[in-house]
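**Q** The following block contains the structure, expressed as structure tokens.
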Amino acid sequence: MQTVSLGSSGLKVSRLCFGTLTMSPLQTDLSPEVGAKLLIHAYERGVRFLDTADLYGTYPHIRLALKEAPDYVVSTKAYCYDRKTAQEALERAYRGIGRDYIDLFMLHEQESLYTLRGHEEALVFLAEQRDRGHIGAVGVSTHFVACVRATARFPMVQVVHPLINRAGIGIQDGTREDMEDAIAGIRARGTGIFAMKPLGGGHLIGDNRAALEYAIRSPLLDSVAVGMQSIEEIDANVALFDAEPGADARLAPLRARKRRMMVHDWCEGCGRCAERCRQQAISIQNGRAQIDESRCVFCGYCARVCPQFCIKVV
């Protein structure tokens with residue numbers, strides 16, 4: 001597996017990043033032991049970069065994996081808006097993965113210049129922790145073109161984790177071409193870029209090779225985070241990223257897999273999921289949550305706010 005520099009952040013990462021959302025309680029809810037085995041298998045195949053979040057609930061999986069895969073570069077992210085919330089989230093990450101150092105810490109789901117300004121106190125705190133050697137690099141994750149462009153005004157942001165895929169699915173304020181243009185602008189400044197949702201949350205799984213090759217071949221992306229939840233998925237993705245013979249044969253069986261949102265009968269229609277959905281894919285109709293799967297990117301974040309635990313990605 002090729003290792004590259006993540007912009008000028010100083011981090012060295014594998015081209016394939018293991019996205020752990022798919023194993024989280026928000027989605028397949030794999031046990032820490034099963035999740036750790038997958039992370040260790042990917043590590044043995046050459047993957048050296050993983051992505052998680054305070055929200056995901058996968059710190060226990062990662063903690064177990066790091067005992068046998070100690071050289072993983074760990075990226076995490078959290079909803080922080082000031083020094084206090086950033087410090088608390090950073091300490092949760094330390095405790096969660098069993099390290100006193102986080103390679104990459106990002107502000108989660110930033111939207112624009114205004115959200116970055118509103119959360120600047122958290123960014124300043126994280127930059128101070130980086131300068132003290134507690135963090136390797138500081139970044140932000142986003143689904144918004146405007147946010148990618150706005151990071152150029154914040155020199156402490158060294159890495160951006162943008163949503164981008166072949167079809168532009170999930171980009172909130174523009175097209176794929178708009179996002180590419182924004183990424184090119186900050187990349188020229190030395191910002192590291194690792195992509196999320198190359199398969200559009202599962203919408204592009206039917207042509208997974210073309211979707212992944214778009215990301216692999218893009219000169220704009222240092223690394224690409226792919227959610228994986230089985231040995232077969234790991235081996236197929238590694239084969240494609242490493243240009244191994246027979247990669248398509250490994251990818252082909254995965255094309256039949258369909259993802260969907262399940263809303264249980266006991267949904268009370270409280271509307272919290274609809275308020276949380278950044279894709280505007282959820283509405284309340286006849287007292288129950290309804291999902292527009294043409295808009296949904298299957299992140300599962302709505303499940304986190306459901307008081308009745310009745311919504312889930314399956």
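Residue numbering restarts at 1 for every chain of the structure tokens, chains are lettered A, B, ... in their displayed order, and ligands are numbered from 1 as they appear.
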Near region 12-23 of chain A, counting only C-alpha atoms, which residues have an atom at most 7 Å away, once you skip same-chain residues fewer than 3 positions from it, shown as a short mmCIF file (atom, residue, chain, number, x, y, z; two decimals) with all heavy atoms, in the first residue's frame?
**A**
data_model
loop_
_atom_site.label_atom_id
_atom_site.label_comp_id
_atom_site.auth_asym_id
_atom_site.auth_seq_id
_atom_site.Cartn_x
_atom_site.Cartn_y
_atom_site.Cartn_z
N MET A 1 0.84 -1.20 0.00
CA MET A 1 0.00 0.00 0.00
C MET A 1 0.88 1.25 0.00
O MET A 1 1.76 1.39 0.84
CB MET A 1 -0.92 0.00 1.22
CG MET A 1 -1.77 1.24 1.38
SD MET A 1 -3.06 1.43 0.12
CE MET A 1 -4.03 -0.05 0.41
N GLN A 2 0.63 2.12 -0.97
CA GLN A 2 1.41 3.35 -1.09
C GLN A 2 1.17 4.25 0.11
O GLN A 2 0.05 4.42 0.57
CB GLN A 2 1.02 4.08 -2.37
CG GLN A 2 1.80 5.36 -2.62
CD GLN A 2 1.28 6.11 -3.84
OE1 GLN A 2 0.23 5.79 -4.39
NE2 GLN A 2 2.02 7.14 -4.26
N THR A 3 2.24 4.86 0.61
CA THR A 3 2.16 5.84 1.69
C THR A 3 2.49 7.21 1.11
O THR A 3 3.42 7.36 0.32
CB THR A 3 3.15 5.50 2.82
OG1 THR A 3 2.79 4.23 3.37
CG2 THR A 3 3.09 6.54 3.93
N VAL A 4 1.70 8.21 1.49
CA VAL A 4 1.87 9.56 0.93
C VAL A 4 1.87 10.58 2.06
O VAL A 4 1.46 10.29 3.19
CB VAL A 4 0.74 9.90 -0.06
CG1 VAL A 4 0.75 8.95 -1.25
CG2 VAL A 4 -0.63 9.88 0.63
N SER A 5 2.32 11.78 1.76
CA SER A 5 2.24 12.89 2.71
C SER A 5 0.83 13.47 2.67
O SER A 5 0.26 13.66 1.59
CB SER A 5 3.25 13.97 2.35
OG SER A 5 4.57 13.49 2.48
N LEU A 6 0.28 13.76 3.83
CA LEU A 6 -1.04 14.39 3.91
C LEU A 6 -0.82 15.90 3.86
O LEU A 6 -0.74 16.59 4.88
CB LEU A 6 -1.74 13.95 5.19
CG LEU A 6 -3.23 14.29 5.35
CD1 LEU A 6 -4.04 13.80 4.15
CD2 LEU A 6 -3.78 13.68 6.63
N GLN A 27 -24.46 2.14 12.69
CA GLN A 27 -24.72 1.33 11.50
C GLN A 27 -24.74 -0.16 11.86
O GLN A 27 -25.69 -0.62 12.48
CB GLN A 27 -23.72 1.68 10.39
CG GLN A 27 -23.86 3.14 9.94
CD GLN A 27 -23.27 3.43 8.59
OE1 GLN A 27 -22.89 2.56 7.82
NE2 GLN A 27 -23.15 4.71 8.28
N THR A 28 -23.70 -0.92 11.55
CA THR A 28 -23.79 -2.37 11.76
C THR A 28 -23.56 -2.79 13.20
O THR A 28 -23.82 -3.94 13.55
CB THR A 28 -22.78 -3.12 10.87
OG1 THR A 28 -21.47 -2.56 11.09
CG2 THR A 28 -23.13 -2.98 9.41
N ASP A 29 -23.07 -1.90 14.04
CA ASP A 29 -22.90 -2.17 15.47
C ASP A 29 -22.07 -3.42 15.73
O ASP A 29 -22.45 -4.31 16.51
CB ASP A 29 -24.26 -2.30 16.15
CG ASP A 29 -24.18 -2.16 17.67
OD1 ASP A 29 -23.14 -1.69 18.17
OD2 ASP A 29 -25.16 -2.52 18.36
N LEU A 30 -20.91 -3.50 15.08
CA LEU A 30 -20.00 -4.61 15.34
C LEU A 30 -19.41 -4.49 16.74
O LEU A 30 -19.18 -3.39 17.23
CB LEU A 30 -18.86 -4.62 14.31
CG LEU A 30 -19.25 -4.75 12.83
CD1 LEU A 30 -18.00 -4.81 11.97
CD2 LEU A 30 -20.14 -5.96 12.59
N GLY A 35 -14.71 -5.59 15.31
CA GLY A 35 -14.17 -4.41 14.64
C GLY A 35 -12.66 -4.37 14.67
O GLY A 35 -12.01 -4.02 13.68
N VAL A 47 -2.79 -1.08 5.18
CA VAL A 47 -3.51 0.16 5.53
C VAL A 47 -2.92 0.71 6.83
O VAL A 47 -2.79 0.00 7.82
CB VAL A 47 -5.01 -0.11 5.69
CG1 VAL A 47 -5.75 1.17 6.09
CG2 VAL A 47 -5.59 -0.68 4.39
N ARG A 48 -2.60 1.99 6.82
CA ARG A 48 -1.97 2.62 7.98
C ARG A 48 -2.68 3.87 8.46
O ARG A 48 -2.15 4.64 9.25
CB ARG A 48 -0.50 2.98 7.65
CG ARG A 48 0.42 1.79 7.46
CD ARG A 48 0.60 1.05 8.78
NE ARG A 48 1.54 -0.05 8.68
CZ ARG A 48 1.22 -1.29 8.32
NH1 ARG A 48 -0.04 -1.58 8.01
NH2 ARG A 48 2.13 -2.25 8.25
N PHE A 49 -3.90 4.07 8.00
CA PHE A 49 -4.64 5.30 8.30
C PHE A 49 -6.08 4.91 8.61
O PHE A 49 -6.69 4.13 7.85
CB PHE A 49 -4.58 6.23 7.09
CG PHE A 49 -5.12 7.62 7.26
CD1 PHE A 49 -5.20 8.24 8.50
CD2 PHE A 49 -5.54 8.34 6.14
CE1 PHE A 49 -5.68 9.53 8.64
CE2 PHE A 49 -6.02 9.64 6.27
CZ PHE A 49 -6.09 10.23 7.52
N LEU A 50 -6.63 5.39 9.71
CA LEU A 50 -8.03 5.13 10.03
C LEU A 50 -8.71 6.42 10.49
O LEU A 50 -8.06 7.31 11.04
CB LEU A 50 -8.18 4.03 11.08
CG LEU A 50 -7.69 4.27 12.51
CD1 LEU A 50 -8.71 5.01 13.36
CD2 LEU A 50 -7.33 2.95 13.16
N ASP A 51 -10.01 6.47 10.25
CA ASP A 51 -10.80 7.66 10.61
C ASP A 51 -11.95 7.25 11.51
O ASP A 51 -12.65 6.26 11.26
CB ASP A 51 -11.35 8.33 9.35
CG ASP A 51 -12.24 9.51 9.71
OD1 ASP A 51 -11.71 10.50 10.24
OD2 ASP A 51 -13.46 9.44 9.45
N THR A 52 -12.15 8.04 12.56
CA THR A 52 -13.26 7.82 13.47
C THR A 52 -13.81 9.18 13.89
O THR A 52 -13.49 10.21 13.29
CB THR A 52 -12.83 6.98 14.68
OG1 THR A 52 -13.98 6.69 15.50
CG2 THR A 52 -11.79 7.70 15.53
N TYR A 56 -18.99 8.39 16.76
CA TYR A 56 -19.16 7.05 16.20
C TYR A 56 -19.26 5.94 17.24
O TYR A 56 -19.86 4.90 16.99
CB TYR A 56 -18.00 6.69 15.26
CG TYR A 56 -17.91 7.51 14.00
CD1 TYR A 56 -16.84 7.34 13.13
CD2 TYR A 56 -18.89 8.44 13.65
CE1 TYR A 56 -16.74 8.07 11.96
CE2 TYR A 56 -18.78 9.19 12.49
CZ TYR A 56 -17.70 9.00 11.65
OH TYR A 56 -17.60 9.72 10.50
N THR A 58 -16.58 4.18 18.21
CA THR A 58 -15.65 3.11 17.80
C THR A 58 -14.29 3.21 18.49
O THR A 58 -13.36 2.49 18.12
CB THR A 58 -15.44 3.11 16.27
OG1 THR A 58 -14.98 4.39 15.84
CG2 THR A 58 -16.73 2.77 15.55
N VAL A 73 -2.12 5.63 11.85
CA VAL A 73 -2.35 7.07 12.01
C VAL A 73 -3.84 7.22 12.29
O VAL A 73 -4.68 6.82 11.47
CB VAL A 73 -1.95 7.84 10.74
CG1 VAL A 73 -2.35 9.31 10.85
CG2 VAL A 73 -0.45 7.72 10.50
N ASP A 222 -5.12 13.17 -1.34
CA ASP A 222 -3.99 12.43 -0.80
C ASP A 222 -4.41 11.03 -0.38
O ASP A 222 -3.69 10.06 -0.62
CB ASP A 222 -3.40 13.16 0.42
CG ASP A 222 -2.89 14.55 0.06
OD1 ASP A 222 -2.19 14.67 -0.94
OD2 ASP A 222 -3.22 15.50 0.79
N SER A 223 -5.56 10.94 0.25
CA SER A 223 -6.05 9.66 0.76
C SER A 223 -7.56 9.64 0.64
O SER A 223 -8.20 10.69 0.48
CB SER A 223 -5.62 9.48 2.22
OG SER A 223 -6.00 8.21 2.73
N VAL A 224 -8.13 8.43 0.72
CA VAL A 224 -9.57 8.26 0.53
C VAL A 224 -10.09 7.36 1.64
O VAL A 224 -9.63 6.22 1.79
CB VAL A 224 -9.88 7.63 -0.84
CG1 VAL A 224 -11.40 7.52 -1.04
CG2 VAL A 224 -9.24 8.43 -1.97
N ALA A 225 -11.05 7.86 2.42
CA ALA A 225 -11.64 7.07 3.49
C ALA A 225 -12.80 6.24 2.94
O ALA A 225 -13.73 6.78 2.34
CB ALA A 225 -12.14 7.98 4.62
N VAL A 226 -12.70 4.93 3.15
CA VAL A 226 -13.74 4.01 2.68
C VAL A 226 -14.24 3.21 3.88
O VAL A 226 -13.44 2.60 4.60
CB VAL A 226 -13.19 3.05 1.60
CG1 VAL A 226 -14.32 2.13 1.10
CG2 VAL A 226 -12.57 3.83 0.44
N GLY A 227 -15.54 3.22 4.09
CA GLY A 227 -16.11 2.42 5.17
C GLY A 227 -16.07 0.94 4.81
O GLY A 227 -16.48 0.56 3.71
N MET A 228 -15.59 0.13 5.74
CA MET A 228 -15.47 -1.31 5.47
C MET A 228 -15.96 -2.08 6.68
O MET A 228 -15.69 -1.70 7.82
CB MET A 228 -14.01 -1.66 5.14
CG MET A 228 -13.51 -0.95 3.88
SD MET A 228 -11.79 -1.29 3.43
CE MET A 228 -10.90 -0.22 4.57
N GLN A 229 -16.67 -3.19 6.43
CA GLN A 229 -17.24 -3.96 7.53
C GLN A 229 -17.10 -5.46 7.35
O GLN A 229 -17.77 -6.23 8.02
CB GLN A 229 -18.71 -3.58 7.73
CG GLN A 229 -19.54 -3.69 6.48
CD GLN A 229 -20.91 -3.07 6.64
OE1 GLN A 229 -21.90 -3.77 6.61
NE2 GLN A 229 -20.96 -1.76 6.80
N PHE A 241 -6.78 -0.39 -4.74
CA PHE A 241 -5.83 0.68 -4.44
C PHE A 241 -4.40 0.27 -4.80
O PHE A 241 -3.59 1.11 -5.18
CB PHE A 241 -5.91 1.08 -2.96
CG PHE A 241 -6.95 2.11 -2.67
CD1 PHE A 241 -8.30 1.77 -2.66
CD2 PHE A 241 -6.61 3.43 -2.40
CE1 PHE A 241 -9.28 2.72 -2.39
CE2 PHE A 241 -7.58 4.38 -2.14
CZ PHE A 241 -8.93 4.03 -2.13
#
**Q** Do a neighbour search on Ile97 (chain A) at 7 Å with only C-alpha atoms, toss out local chain neighbours closer than 6 positions, and write the hits as JSON, numbers by chain.
**A** {"A": [59, 60, 62, 63]}
**Q** Export, as an mmCIF file, in the first residue's frame, the selected residues with N, CA and C atoms.
**A**
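part-v2.cif, written as the output of this step:
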data_model
loop_
_atom_site.group_PDB
_atom_site.id
_atom_site.type_symbol
_atom_site.label_atom_id
_atom_site.label_comp_id
_atom_site.auth_asym_id
_atom_site.auth_seq_id
_atom_site.Cartn_x
_atom_site.Cartn_y
_atom_site.Cartn_z
ATOM 1 N N TYR A 59 -14.159 4.072 19.479
ATOM 2 C CA TYR A 59 -12.888 4.117 20.202
ATOM 3 C C TYR A 59 -12.528 2.753 20.815
ATOM 4 N N PRO A 60 -13.478 2.001 21.383
ATOM 5 C CA PRO A 60 -13.102 0.687 21.931
ATOM 6 C C PRO A 60 -12.553 -0.268 20.867
ATOM 7 N N ILE A 62 -10.918 0.608 18.162
ATOM 8 C CA ILE A 62 -9.584 1.087 17.802
ATOM 9 C C ILE A 62 -8.582 0.779 18.907
ATOM 10 N N ARG A 63 -8.983 0.960 20.135
ATOM 11 C CA ARG A 63 -8.090 0.683 21.264
ATOM 12 C C ARG A 63 -7.590 -0.763 21.223
#
**Q** Produce a table with one row for each residue of region 169-239 of chain A that has an atom at most 8 Å from any atom of region 289-306 of chain A, each row naming the nearest atom pair and its distance in Å at one decimal; use only C-alpha atoms; arrange rows by chain and rising residue number; format as a Markdown table.
**A**
| residue | atom | partner | partner_atom | distance |
| --- | --- | --- | --- | --- |
| A:Ile169 | CA | A:Val297 | CA | 7.7 |
| A:Gly170 | CA | A:Val297 | CA | 6.3 |
| A:Gly200 | CA | A:Val297 | CA | 6.2 |
| A:Gly201 | CA | A:Val297 | CA | 4.4 |
| A:Gly202 | CA | A:Val297 | CA | 7.2 |
| A:His203 | CA | A:Val297 | CA | 7.7 |
**Q** Where does region 4-93 of chain A meet region 104-123 of chain A within 8 Å, residue by residue, with the nearest atom pair and distance in Å to one decimal for each, counting only C-alpha atoms, listed by chain and rising number, as CSV?
**A**
residue,atom,partner,partner_atom,distance
A:Ala53,CA,A:His108,CA,7.9
A:Val73,CA,A:Leu104,CA,7.8
A:Val74,CA,A:Leu104,CA,6.4
A:Ser75,CA,A:Leu104,CA,4.5
A:Thr76,CA,A:Phe105,CA,5.2
A:Lys77,CA,A:Met106,CA,4.4
A:Ala78,CA,A:His108,CA,5.0
A:Tyr79,CA,A:His108,CA,5.3
A:Cys80,CA,A:Ala122,CA,6.1
A:Tyr81,CA,A:His119,CA,4.2
A:Asp82,CA,A:Ala122,CA,4.3
A:Arg83,CA,A:Ala122,CA,5.0
A:Lys84,CA,A:Ala122,CA,8.0
A:Thr85,CA,A:Ala122,CA,7.5
A:Ala86,CA,A:Ala122,CA,5.5
A:Leu90,CA,A:Phe105,CA,8.0
**Q** Would you mind reading off the distance between CA of Leu251 (chain A) and CA of Ile311 (chain A), one decimal, in Å?
**A**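 Straight-line distance from CA of Leu251 (chain A) to CA of Ile311 (chain A) works out to 28.8 Å.
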